[in-house]
>>> print(open('model-v9.cif').read())   # mmCIF, C-alpha atoms
data_run
loop_
_atom_site.label_atom_id
_atom_site.label_comp_id
_atom_site.auth_asym_id
_atom_site.auth_seq_id
_atom_site.Cartn_x
_atom_site.Cartn_y
_atom_site.Cartn_z
CA MET A 1 20.86 -11.23 18.17
CA SER A 2 24.65 -10.63 17.93
CA GLU A 3 26.75 -11.54 14.91
CA GLN A 4 28.66 -14.07 17.00
CA ASN A 5 25.43 -15.83 17.86
CA ALA A 6 24.35 -15.86 14.24
CA SER A 7 27.56 -17.46 12.98
CA ARG A 8 27.49 -20.10 15.71
CA LEU A 9 23.98 -21.06 14.60
CA ALA A 10 24.91 -21.19 10.90
CA GLY A 11 25.56 -24.94 10.88
CA PHE A 12 21.99 -25.67 11.95
CA SER A 13 20.25 -23.79 9.14
CA PHE A 14 16.63 -24.39 10.15
CA LEU A 15 17.19 -24.04 13.87
CA GLY A 16 19.23 -20.94 13.10
CA LEU A 17 16.55 -19.49 10.83
CA ILE A 18 13.70 -20.03 13.28
CA THR A 19 15.83 -18.54 16.09
CA LEU A 20 16.61 -15.51 13.93
CA LEU A 21 12.96 -15.00 12.94
CA LEU A 22 11.59 -15.45 16.46
CA ALA A 23 14.27 -13.15 17.89
CA TYR A 24 13.30 -10.41 15.41
CA GLN A 25 9.61 -11.01 16.10
CA LEU A 26 10.33 -10.70 19.84
CA ILE A 27 12.20 -7.42 19.33
CA GLY A 28 9.25 -6.24 17.20
CA GLU A 29 6.72 -7.17 19.89
CA ILE A 30 8.75 -5.37 22.56
CA ILE A 31 9.00 -2.20 20.43
CA VAL A 32 5.23 -2.28 19.69
CA ARG A 33 4.45 -2.45 23.41
CA ALA A 34 7.11 0.04 24.48
CA PHE A 35 5.90 2.71 22.03
CA ASN A 36 2.23 1.66 21.89
CA LEU A 37 2.33 1.37 18.06
CA PRO A 38 -0.67 0.37 15.90
CA ILE A 39 1.67 -1.83 13.79
CA PRO A 40 1.87 -5.58 14.63
CA GLY A 41 5.14 -6.89 16.11
CA PRO A 42 6.03 -9.27 13.24
CA VAL A 43 5.89 -6.37 10.72
CA ILE A 44 8.36 -4.36 12.83
CA GLY A 45 10.46 -7.54 13.01
CA MET A 46 10.34 -7.87 9.21
CA PHE A 47 11.37 -4.25 8.75
CA LEU A 48 14.27 -4.56 11.25
CA LEU A 49 15.46 -7.80 9.62
CA PHE A 50 15.38 -6.12 6.17
CA ILE A 51 17.51 -3.25 7.52
CA SER A 52 19.90 -5.74 9.19
CA LEU A 53 20.29 -7.68 5.92
CA LEU A 54 21.31 -4.48 4.11
CA PHE A 55 24.22 -4.22 6.55
CA HIS A 56 25.10 -7.96 6.65
CA SER A 57 24.89 -9.28 3.06
CA GLY A 58 26.49 -12.56 4.27
CA TRP A 59 23.44 -13.19 6.46
CA ALA A 60 21.07 -13.00 3.50
CA LYS A 61 23.00 -15.61 1.48
CA ARG A 62 22.88 -17.98 4.43
CA TRP A 63 19.15 -17.60 5.02
CA ILE A 64 17.74 -17.46 1.47
CA GLU A 65 17.44 -21.22 1.02
CA PRO A 66 16.10 -22.13 4.49
CA SER A 67 13.63 -19.23 4.28
CA GLN A 68 12.32 -20.48 0.90
CA HIS A 69 11.66 -23.89 2.46
CA PHE A 70 9.86 -22.26 5.36
CA LEU A 71 7.75 -19.90 3.19
CA ARG A 72 6.68 -22.84 0.98
CA TYR A 73 4.32 -23.78 3.82
CA LEU A 74 2.87 -20.28 4.12
CA SER A 75 -0.60 -21.35 2.99
CA LEU A 76 -0.71 -24.11 5.67
CA PHE A 77 -0.27 -21.46 8.38
CA PHE A 78 -3.57 -19.85 7.30
CA VAL A 79 -5.66 -22.96 7.90
CA PRO A 80 -6.31 -22.60 11.69
CA ALA A 81 -7.38 -18.96 11.18
CA GLY A 82 -9.57 -20.04 8.26
CA VAL A 83 -11.34 -22.65 10.38
CA GLY A 84 -12.19 -19.71 12.66
CA VAL A 85 -14.90 -18.76 10.14
CA MET A 86 -17.06 -21.35 11.97
CA LEU A 87 -17.21 -18.97 14.97
CA HIS A 88 -18.94 -16.42 12.80
CA LEU A 89 -21.26 -18.63 10.84
CA SER A 90 -24.35 -16.99 12.37
CA ARG A 91 -23.10 -13.50 11.49
CA VAL A 92 -22.00 -14.61 8.05
CA GLY A 93 -25.39 -16.33 7.65
CA GLU A 94 -27.35 -13.13 8.33
CA GLN A 95 -25.13 -10.91 6.20
CA TRP A 96 -23.94 -13.44 3.64
CA LEU A 97 -24.92 -11.43 0.56
CA ALA A 98 -23.26 -8.23 1.78
CA ILE A 99 -20.10 -10.11 2.77
CA ALA A 100 -19.90 -12.24 -0.39
CA LEU A 101 -20.39 -9.25 -2.72
CA ALA A 102 -17.98 -7.08 -0.70
CA LEU A 103 -15.25 -9.76 -0.86
CA VAL A 104 -15.65 -10.69 -4.54
CA VAL A 105 -16.06 -7.16 -5.95
CA SER A 106 -13.34 -5.59 -3.80
CA THR A 107 -10.86 -8.32 -4.77
CA ILE A 108 -11.50 -7.64 -8.49
CA VAL A 109 -11.29 -3.86 -7.91
CA SER A 110 -8.03 -4.32 -6.00
CA LEU A 111 -6.44 -6.39 -8.80
CA VAL A 112 -7.50 -3.88 -11.47
CA VAL A 113 -6.55 -0.73 -9.52
CA THR A 114 -3.15 -2.11 -8.44
CA ALA A 115 -2.19 -3.27 -11.93
CA GLY A 116 -3.60 -0.07 -13.51
CA VAL A 117 -1.75 2.32 -11.20
CA MET A 118 1.51 0.42 -11.62
CA LEU A 119 1.26 0.40 -15.45
CA LEU A 120 0.36 4.09 -15.51
CA ILE A 121 3.28 5.19 -13.34
CA MET A 122 5.74 2.91 -15.14
CA ARG A 123 4.67 4.54 -18.42
CA LEU A 124 4.99 8.06 -16.96
CA ASN A 125 8.44 7.10 -15.61
CA THR A 126 9.74 5.90 -18.99
CA ARG A 127 8.25 8.95 -20.70
CA ILE A 128 10.04 11.30 -18.31
CA GLY A 129 13.19 9.14 -18.64
CA GLY A 130 12.87 9.32 -22.46
CA VAL A 131 12.51 13.11 -22.44
CA LYS A 132 15.65 13.40 -20.31
CA LYS A 133 17.61 11.26 -22.77
CA HIS A 134 16.62 13.54 -25.66
CA ASP A 135 17.84 16.57 -23.76
CA MET B 1 -9.32 -52.74 27.49
CA THR B 2 -10.25 -49.06 27.68
CA LYS B 3 -13.66 -48.21 26.33
CA VAL B 4 -13.79 -46.43 22.96
CA GLU B 5 -15.67 -43.53 24.57
CA ASP B 6 -12.83 -43.00 27.08
CA ILE B 7 -10.26 -42.85 24.31
CA TRP B 8 -12.56 -40.42 22.48
CA VAL B 9 -12.83 -38.21 25.57
CA TYR B 10 -9.04 -38.02 25.68
CA LEU B 11 -8.71 -37.33 21.95
CA ALA B 12 -11.34 -34.62 21.79
CA ALA B 13 -9.66 -32.71 24.64
CA SER B 14 -6.03 -33.22 23.55
CA PRO B 15 -4.15 -30.55 21.59
CA LEU B 16 -2.73 -33.34 19.45
CA PHE B 17 -6.10 -33.87 17.80
CA GLY B 18 -6.41 -30.36 16.31
CA LEU B 19 -2.76 -30.38 15.28
CA VAL B 20 -2.84 -33.74 13.50
CA LEU B 21 -6.24 -32.99 11.97
CA THR B 22 -4.85 -29.77 10.41
CA LEU B 23 -1.67 -31.40 9.07
CA VAL B 24 -3.47 -34.43 7.64
CA PHE B 25 -6.27 -32.45 5.98
CA PHE B 26 -3.84 -29.96 4.45
CA GLN B 27 -1.80 -32.73 2.87
CA ILE B 28 -4.89 -34.52 1.56
CA ALA B 29 -6.10 -31.20 0.12
CA GLN B 30 -2.72 -30.58 -1.54
CA ALA B 31 -2.82 -34.06 -3.09
CA ILE B 32 -6.32 -33.41 -4.49
CA TYR B 33 -5.23 -30.01 -5.80
CA ARG B 34 -2.23 -31.55 -7.60
CA ARG B 35 -4.32 -34.45 -8.90
CA PHE B 36 -6.66 -31.99 -10.65
CA ASN B 37 -3.85 -29.88 -12.16
CA HIS B 38 -4.13 -26.99 -9.67
CA HIS B 39 -7.75 -26.22 -10.53
CA PRO B 40 -8.52 -22.81 -8.92
CA LEU B 41 -11.75 -24.07 -7.35
CA LEU B 42 -9.83 -26.76 -5.44
CA ASN B 43 -7.63 -24.37 -3.47
CA PRO B 44 -5.93 -26.50 -0.76
CA VAL B 45 -6.61 -23.99 2.03
CA ALA B 46 -10.31 -23.81 1.14
CA LEU B 47 -10.55 -27.61 0.95
CA SER B 48 -8.79 -28.22 4.27
CA VAL B 49 -10.80 -25.48 6.06
CA LEU B 50 -14.08 -27.00 4.80
CA GLY B 51 -12.94 -30.54 5.69
CA ILE B 52 -11.84 -29.58 9.20
CA ILE B 53 -15.06 -27.62 9.88
CA GLY B 54 -16.96 -30.70 8.71
CA VAL B 55 -15.10 -33.02 11.10
CA LEU B 56 -15.47 -30.60 14.02
CA ALA B 57 -19.21 -30.21 13.35
CA LEU B 58 -19.67 -33.98 12.95
CA PHE B 59 -18.03 -34.77 16.31
CA ASP B 60 -19.37 -31.64 18.02
CA ILE B 61 -15.94 -30.19 18.91
CA ASN B 62 -15.78 -26.43 19.41
CA TYR B 63 -13.24 -24.07 17.84
CA GLU B 64 -11.47 -23.35 21.15
CA THR B 65 -10.67 -27.05 21.64
CA TYR B 66 -9.50 -27.39 18.04
CA PHE B 67 -7.38 -24.25 18.32
CA GLU B 68 -5.52 -25.58 21.39
CA GLY B 69 -3.73 -27.87 18.97
CA ALA B 70 -3.92 -25.77 15.79
CA GLN B 71 -2.37 -22.76 17.54
CA PHE B 72 1.08 -24.33 17.07
CA ILE B 73 0.62 -23.97 13.30
CA HIS B 74 -1.13 -20.59 13.60
CA PHE B 75 1.81 -19.30 15.65
CA LEU B 76 4.14 -19.75 12.64
CA LEU B 77 2.38 -16.89 10.80
CA GLY B 78 4.46 -14.52 12.99
CA PRO B 79 7.94 -15.79 12.05
CA ALA B 80 6.71 -16.29 8.45
CA THR B 81 5.89 -12.57 8.29
CA VAL B 82 9.39 -11.74 9.57
CA ALA B 83 10.84 -14.15 6.97
CA LEU B 84 9.35 -12.01 4.15
CA ALA B 85 12.26 -9.63 4.77
CA ILE B 86 14.50 -12.14 2.95
CA PRO B 87 12.75 -12.16 -0.50
CA LEU B 88 12.31 -8.41 -0.05
CA TYR B 89 16.10 -8.15 0.35
CA GLN B 90 16.71 -10.41 -2.68
CA TYR B 91 14.72 -8.06 -4.91
CA ARG B 92 16.09 -4.85 -3.38
CA GLN B 93 17.58 -3.82 -6.77
CA THR B 94 14.19 -4.06 -8.53
CA LEU B 95 12.59 -2.37 -5.56
CA LYS B 96 15.11 0.47 -5.95
CA ASN B 97 14.43 0.86 -9.71
CA LEU B 98 10.66 0.48 -9.60
CA TRP B 99 10.01 1.77 -6.08
CA LEU B 100 7.70 4.60 -7.12
CA PRO B 101 5.28 2.59 -9.33
CA ILE B 102 5.34 -0.28 -6.80
CA VAL B 103 4.71 1.87 -3.72
CA MET B 104 1.95 3.85 -5.47
CA ALA B 105 0.30 0.70 -6.86
CA VAL B 106 0.40 -1.02 -3.45
CA SER B 107 -1.01 2.03 -1.64
CA PHE B 108 -3.82 2.66 -4.14
CA GLY B 109 -4.65 -1.05 -4.37
CA LEU B 110 -4.87 -1.40 -0.58
CA VAL B 111 -7.10 1.64 -0.16
CA ALA B 112 -9.29 0.64 -3.14
CA ALA B 113 -9.78 -2.88 -1.71
CA GLY B 114 -10.61 -1.62 1.78
CA LEU B 115 -12.96 1.16 0.69
CA THR B 116 -14.86 -0.92 -1.90
CA ALA B 117 -15.41 -3.72 0.62
CA PHE B 118 -16.52 -1.21 3.28
CA TRP B 119 -18.94 0.65 0.97
CA ILE B 120 -20.51 -2.47 -0.53
CA ALA B 121 -21.03 -3.98 2.93
CA GLN B 122 -22.43 -0.66 4.17
CA SER B 123 -24.88 -0.25 1.28
CA LEU B 124 -26.13 -3.82 1.80
CA GLY B 125 -26.76 -3.24 5.49
CA ALA B 126 -23.91 -5.14 7.18
CA SER B 127 -23.08 -4.34 10.82
CA ILE B 128 -20.35 -1.82 11.64
CA GLU B 129 -18.09 -4.58 13.05
CA THR B 130 -18.42 -6.54 9.82
CA MET B 131 -17.64 -3.41 7.77
CA LEU B 132 -14.54 -2.54 9.80
CA SER B 133 -13.37 -6.18 9.85
CA LEU B 134 -13.53 -6.16 6.03
CA VAL B 135 -11.22 -3.15 5.52
CA PRO B 136 -7.83 -4.90 6.09
CA LYS B 137 -8.87 -8.20 4.49
CA SER B 138 -6.42 -8.07 1.58
CA VAL B 139 -3.43 -7.84 3.95
CA THR B 140 -1.54 -10.90 5.25
CA ALA B 141 -3.31 -12.48 8.26
CA PRO B 142 -1.21 -11.46 11.30
CA VAL B 143 -1.09 -7.84 10.17
CA ALA B 144 -4.76 -7.70 9.17
CA MET B 145 -5.83 -9.22 12.50
CA GLY B 146 -3.69 -6.78 14.46
CA ILE B 147 -5.09 -3.82 12.51
CA ALA B 148 -8.72 -5.02 12.87
CA GLU B 149 -8.37 -5.68 16.60
CA LYS B 150 -6.97 -2.23 17.33
CA ASN B 151 -9.46 -0.33 15.13
CA GLY B 152 -12.96 -1.55 15.91
CA GLY B 153 -13.00 -4.81 13.93
CA VAL B 154 -13.13 -8.41 15.16
CA ALA B 155 -9.76 -10.19 14.72
CA THR B 156 -11.12 -13.72 14.13
CA LEU B 157 -13.72 -12.40 11.66
CA THR B 158 -10.99 -10.52 9.78
CA ALA B 159 -8.89 -13.71 9.74
CA ALA B 160 -11.74 -15.54 8.06
CA PHE B 161 -12.17 -12.67 5.52
CA VAL B 162 -8.40 -12.68 4.86
CA VAL B 163 -8.41 -16.39 4.05
CA ILE B 164 -11.52 -16.14 1.85
CA THR B 165 -10.04 -13.11 0.03
CA GLY B 166 -6.77 -14.98 -0.54
CA ILE B 167 -8.63 -17.92 -2.03
CA LEU B 168 -10.82 -15.64 -4.21
CA GLY B 169 -7.76 -13.69 -5.39
CA ALA B 170 -5.91 -16.88 -6.33
CA MET B 171 -9.01 -18.12 -8.16
CA MET B 172 -9.84 -14.91 -10.06
CA ALA B 173 -6.44 -13.27 -10.74
CA ASN B 174 -5.71 -14.97 -14.05
CA TRP B 175 -9.22 -14.33 -15.31
CA VAL B 176 -8.98 -10.61 -14.44
CA PHE B 177 -5.51 -10.31 -16.03
CA ASN B 178 -6.78 -11.93 -19.25
CA LEU B 179 -9.69 -9.46 -19.37
CA MET B 180 -7.20 -6.60 -18.89
CA ARG B 181 -4.90 -8.18 -21.54
CA LEU B 182 -2.05 -7.81 -19.07
CA LYS B 183 1.29 -9.32 -20.14
CA ASP B 184 3.89 -8.01 -17.66
CA ASP B 185 4.57 -10.64 -14.94
CA ARG B 186 6.00 -7.98 -12.62
CA VAL B 187 2.72 -6.04 -12.72
CA LYS B 188 0.65 -9.23 -12.32
CA GLY B 189 2.76 -10.26 -9.32
CA ILE B 190 2.35 -6.90 -7.59
CA ALA B 191 -1.44 -7.00 -8.18
CA ILE B 192 -1.81 -10.54 -6.76
CA GLY B 193 0.39 -9.78 -3.75
CA VAL B 194 -1.62 -6.68 -2.84
CA SER B 195 -5.03 -8.27 -3.45
CA ALA B 196 -4.50 -11.78 -2.11
CA HIS B 197 -1.38 -11.77 0.18
CA GLY B 198 0.30 -15.18 0.87
CA LEU B 199 -2.36 -17.33 -0.73
CA GLY B 200 -2.10 -15.26 -3.92
CA THR B 201 1.70 -15.44 -3.71
CA ALA B 202 1.57 -19.24 -3.57
CA LYS B 203 -0.57 -19.13 -6.75
CA ALA B 204 1.75 -16.61 -8.44
CA PHE B 205 4.76 -18.89 -7.93
CA GLN B 206 2.90 -21.59 -9.89
CA LEU B 207 2.42 -19.22 -12.84
CA SER B 208 6.02 -17.93 -12.98
CA ASP B 209 8.99 -17.41 -10.63
CA GLN B 210 9.14 -13.72 -11.43
CA MET B 211 5.44 -13.28 -10.70
CA GLY B 212 5.90 -15.11 -7.41
CA ALA B 213 8.84 -12.99 -6.36
CA PHE B 214 6.97 -9.77 -7.15
CA SER B 215 3.87 -11.04 -5.38
CA GLY B 216 5.92 -11.79 -2.26
CA LEU B 217 7.44 -8.33 -2.49
CA ALA B 218 4.00 -6.69 -2.83
CA MET B 219 2.60 -8.74 0.06
CA ALA B 220 5.47 -7.70 2.35
CA LEU B 221 5.29 -4.08 1.27
CA SER B 222 1.50 -3.96 1.58
CA ALA B 223 1.74 -5.38 5.14
CA PHE B 224 3.94 -2.47 6.06
CA ILE B 225 2.02 0.25 4.21
CA ALA B 226 -1.30 -1.16 5.53
CA ALA B 227 -0.05 -0.92 9.10
CA LEU B 228 0.78 2.73 8.45
CA ILE B 229 -2.32 3.93 6.56
CA LEU B 230 -5.24 1.60 7.38
CA PRO B 231 -5.56 2.48 11.11
CA TRP B 232 -5.75 6.12 10.08
CA MET B 233 -8.27 5.38 7.31
CA MET B 234 -10.45 3.23 9.58
CA GLY B 235 -10.49 6.01 12.15
CA ALA B 236 -11.86 8.34 9.46
CA LEU B 237 -14.60 5.98 8.20
#
>>> encode(input="model-v9.cif", output="structure tokens")
Amino acid sequence: MSEQNASRLAGFSFLGLITLLLAYQLIGEIIVRAFNLPIPGPVIGMFLLFISLLFHSGWAKRWIEPSQHFLRYLSLFFVPAGVGVMLHLSRVGEQWLAIALALVVSTIVSLVVTAGVMLLIMRLNTRIGGVKKHD
Amino acid sequence: MTKVEDIWVYLAASPLFGLVLTLVFFQIAQAIYRRFNHHPLLNPVALSVLGIIGVLALFDINYETYFEGAQFIHFLLGPATVALAIPLYQYRQTLKNLWLPIVMAVSFGLVAAGLTAFWIAQSLGASIETMLSLVPKSVTAPVAMGIAEKNGGVATLTAAFVVITGILGAMMANWVFNLMRLKDDRVKGIAIGVSAHGLGTAKAFQLSDQMGAFSGLAMALSAFIAALILPWMMGAL
């Protein structure tokens, strides 16, 4: 989307936001297909939008508020996919113990490992930073 | 007057039914959740999913018919993923200062979640499709589904695992953090975002704004890192 287009849409913040997001998603989908990438289109779109924002700081200011309103409903967007669990009830039924344990334990492990690695590297960082200061 | 059955035939086949059902149940679920002071067990997504499955089972409507209407809501996951670029941009300064701990934590957390889920399912005799569908389950839905689909998993099964994981993460995060005696909201946010994507981020925003912002950042970052490393990891499993 060109800058001219973006500024013309500025007055209609939600319409403008959804146009911006869908346009970036579309570009992402085209790139994924053109280069046969394993990465989903919306993620490419997110990456390209992030890069674009770095070059157009005015854009970001305009879209922060409308995007917060939109992302407030993020959990609603998961509901249709969640209902899809009914398609797999027979599979889940046969393997329920394996699936339940895998989901619960791996979620705990993920929380602990993520927090642990981050704390560890932050501590190493400040220690190296501290040593440099003393020099 | 038209017979009730005729109206029912129209309703059951119309996309409007699935759409309205989803919107109404989600708002009822949110009201219940608020009424009980955001009790973790009453997660609004879990409640609305259970309620909708109940209604569909009661009236013998299949998922395909429901999804004809619900797809309009499902579709918004795409632009919502793109929209994550905006909070990511807002916290670019923090990202710049803490990029190494954040990137390392996100990468290790993602791999740990995927491998633990895979190994537990494997040792308890789950099928290979189930095992592979579990690997990307901590990543936000559109990305996880895309990764599963292209690497031997089943996209709709992964979607279900993603939602269940998000609900579990939102329910258990505070308990795990208390056990770890964790105080830093930035670290908590990153851990929730990696482990429980958007559903965890919604929970993190309730606990503190900073935790929410960091959770959103971790979710966005983990979507990107997952797309880069999980296909490779799943190929190796």
>>> residues_around(input="model-v9.cif", residues="Ala227 (chain B)", least_positions_apart="3", cutoff="8 Å", atoms="all atoms listed in the file", output="tab-separated table (two decimals) with C-alpha atoms, in the coordinates of the input")
chain	number	residue	atom	x	y	z
A	38	PRO	CA	-0.67	0.37	15.90
A	39	ILE	CA	1.67	-1.83	13.79
A	40	PRO	CA	1.87	-5.58	14.63
B	143	VAL	CA	-1.09	-7.84	10.17
B	147	ILE	CA	-5.09	-3.82	12.51
B	223	ALA	CA	1.74	-5.38	5.14
B	224	PHE	CA	3.94	-2.47	6.06
B	230	LEU	CA	-5.24	1.60	7.38
B	231	PRO	CA	-5.56	2.48	11.11
>>> closest_residue(input="model-v9.cif", among="B:Tyr33, B:Tyr66, B:Phe108, B:Trp232", to="Val79 (chain A)", atoms="only C-alpha atoms")
B:Tyr66
>>> axis_aligned_box(input="model-v9.cif", around="region 9-22 of chain B", padding_each_side="8 Å", output="JSON")
{"center_x": -7.8, "center_y": -34.0, "center_z": 18.0, "size_x": 26.1, "size_y": 24.4, "size_z": 31.3}
>>> closest_residue(input="model-v9.cif", among="B:Gly169, B:Gly152, B:Pro15, B:Gly54", to="chain A", atoms="all atoms listed in the file")
B:Gly169
>>> interface_residues(input="model-v9.cif", of="chain B", to="chain A", cutoff="6 Å", atoms="all atoms listed in the file", output="CSV table (one decimal) with C-alpha atoms, in the coordinates of the input")
chain,number,residue,atom,x,y,z
B,49,VAL,CA,-10.8,-25.5,6.1
B,70,ALA,CA,-3.9,-25.8,15.8
B,73,ILE,CA,0.6,-24.0,13.3
B,74,HIS,CA,-1.1,-20.6,13.6
B,77,LEU,CA,2.4,-16.9,10.8
B,78,GLY,CA,4.5,-14.5,13.0
B,79,PRO,CA,7.9,-15.8,12.0
B,81,THR,CA,5.9,-12.6,8.3
B,82,VAL,CA,9.4,-11.7,9.6
B,85,ALA,CA,12.3,-9.6,4.8
B,101,PRO,CA,5.3,2.6,-9.3
B,105,ALA,CA,0.3,0.7,-6.9
B,109,GLY,CA,-4.6,-1.0,-4.4
B,112,ALA,CA,-9.3,0.6,-3.1
B,113,ALA,CA,-9.8,-2.9,-1.7
B,116,THR,CA,-14.9,-0.9,-1.9
B,117,ALA,CA,-15.4,-3.7,0.6
B,120,ILE,CA,-20.5,-2.5,-0.5
B,121,ALA,CA,-21.0,-4.0,2.9
B,124,LEU,CA,-26.1,-3.8,1.8
B,126,ALA,CA,-23.9,-5.1,7.2
B,143,VAL,CA,-1.1,-7.8,10.2
B,146,GLY,CA,-3.7,-6.8,14.5
B,159,ALA,CA,-8.9,-13.7,9.7
B,160,ALA,CA,-11.7,-15.5,8.1
B,163,VAL,CA,-8.4,-16.4,4.0
B,187,VAL,CA,2.7,-6.0,-12.7
B,191,ALA,CA,-1.4,-7.0,-8.2
B,195,SER,CA,-5.0,-8.3,-3.4
B,199,LEU,CA,-2.4,-17.3,-0.7
B,227,ALA,CA,0.0,-0.9,9.1
>>> atom_distance(input="model-v9.cif", atom1="CA of Glu29 (chain A)", atom2="CA of Met234 (chain B)")
22.6 Å
>>> closest_residue(input="model-v9.cif", among="B:Lys96, B:Arg34, B:Lys137, B:Lys183", to="His197 (chain B)", atoms="all atoms listed in the file")
B:Lys137
>>> residues_around(input="model-v9.cif", residues="Leu221 (chain B)", least_positions_apart="6", cutoff="9 Å", atoms="all atoms listed in the file", output="list of chain:residue names")
B:Leu88, B:Ile102, B:Val103, B:Val106, B:Val194
>>> resolve_selection(input="model-v9.cif", expression="the PyMOL selection byres ((chain B and resi 62) around 12)", output="VMD selection string")
(chain A and resid 83 to 84 86 to 87) or (chain B and resid 12 to 13 18 52 to 61 63 to 68)
>>> decode(input="model-v9.cif", residues="region 40-77 of chain A", atoms="C-alpha atoms", output="mmCIF file, in the first residue's frame")
data_model
loop_
_atom_site.group_PDB
_atom_site.id
_atom_site.type_symbol
_atom_site.label_atom_id
_atom_site.label_comp_id
_atom_site.auth_asym_id
_atom_site.auth_seq_id
_atom_site.Cartn_x
_atom_site.Cartn_y
_atom_site.Cartn_z
ATOM 1 C CA PRO A 40 2.522 -18.699 7.017
ATOM 2 C CA GLY A 41 1.524 -15.561 5.070
ATOM 3 C CA PRO A 42 0.307 -13.516 8.083
ATOM 4 C CA VAL A 43 3.725 -13.911 9.795
ATOM 5 C CA ILE A 44 5.489 -12.532 6.702
ATOM 6 C CA GLY A 45 2.880 -9.753 6.715
ATOM 7 C CA MET A 46 3.648 -9.017 10.382
ATOM 8 C CA PHE A 47 7.377 -8.899 9.689
ATOM 9 C CA LEU A 48 6.940 -6.589 6.659
ATOM 10 C CA LEU A 49 4.613 -4.285 8.631
ATOM 11 C CA PHE A 50 7.170 -4.106 11.479
ATOM 12 C CA ILE A 51 9.894 -3.124 8.979
ATOM 13 C CA SER A 52 7.553 -0.552 7.372
ATOM 14 C CA LEU A 53 6.773 0.984 10.779
ATOM 15 C CA LEU A 54 10.494 1.469 11.452
ATOM 16 C CA PHE A 55 10.611 3.660 8.344
ATOM 17 C CA HIS A 56 7.253 5.452 8.896
ATOM 18 C CA SER A 57 7.022 6.325 12.608
ATOM 19 C CA GLY A 58 3.921 8.452 11.827
ATOM 20 C CA TRP A 59 2.080 5.304 10.731
ATOM 21 C CA ALA A 60 2.648 3.607 14.083
ATOM 22 C CA LYS A 61 1.183 6.527 16.072
ATOM 23 C CA ARG A 62 -1.922 6.446 13.896
ATOM 24 C CA TRP A 63 -2.480 2.704 14.241
ATOM 25 C CA ILE A 64 -1.600 2.055 17.908
ATOM 26 C CA GLU A 65 -5.047 2.854 19.281
ATOM 27 C CA PRO A 66 -7.178 1.130 16.612
ATOM 28 C CA SER A 67 -4.898 -1.925 16.780
ATOM 29 C CA GLN A 68 -5.343 -2.145 20.581
ATOM 30 C CA HIS A 69 -9.119 -2.185 20.090
ATOM 31 C CA PHE A 70 -8.795 -4.895 17.472
ATOM 32 C CA LEU A 71 -6.378 -7.069 19.514
ATOM 33 C CA ARG A 72 -8.699 -6.869 22.549
ATOM 34 C CA TYR A 73 -10.877 -9.412 20.739
ATOM 35 C CA LEU A 74 -7.979 -11.758 20.029
ATOM 36 C CA SER A 75 -9.346 -14.530 22.253
ATOM 37 C CA LEU A 76 -12.727 -14.445 20.419
ATOM 38 C CA PHE A 77 -10.950 -15.271 17.145
#
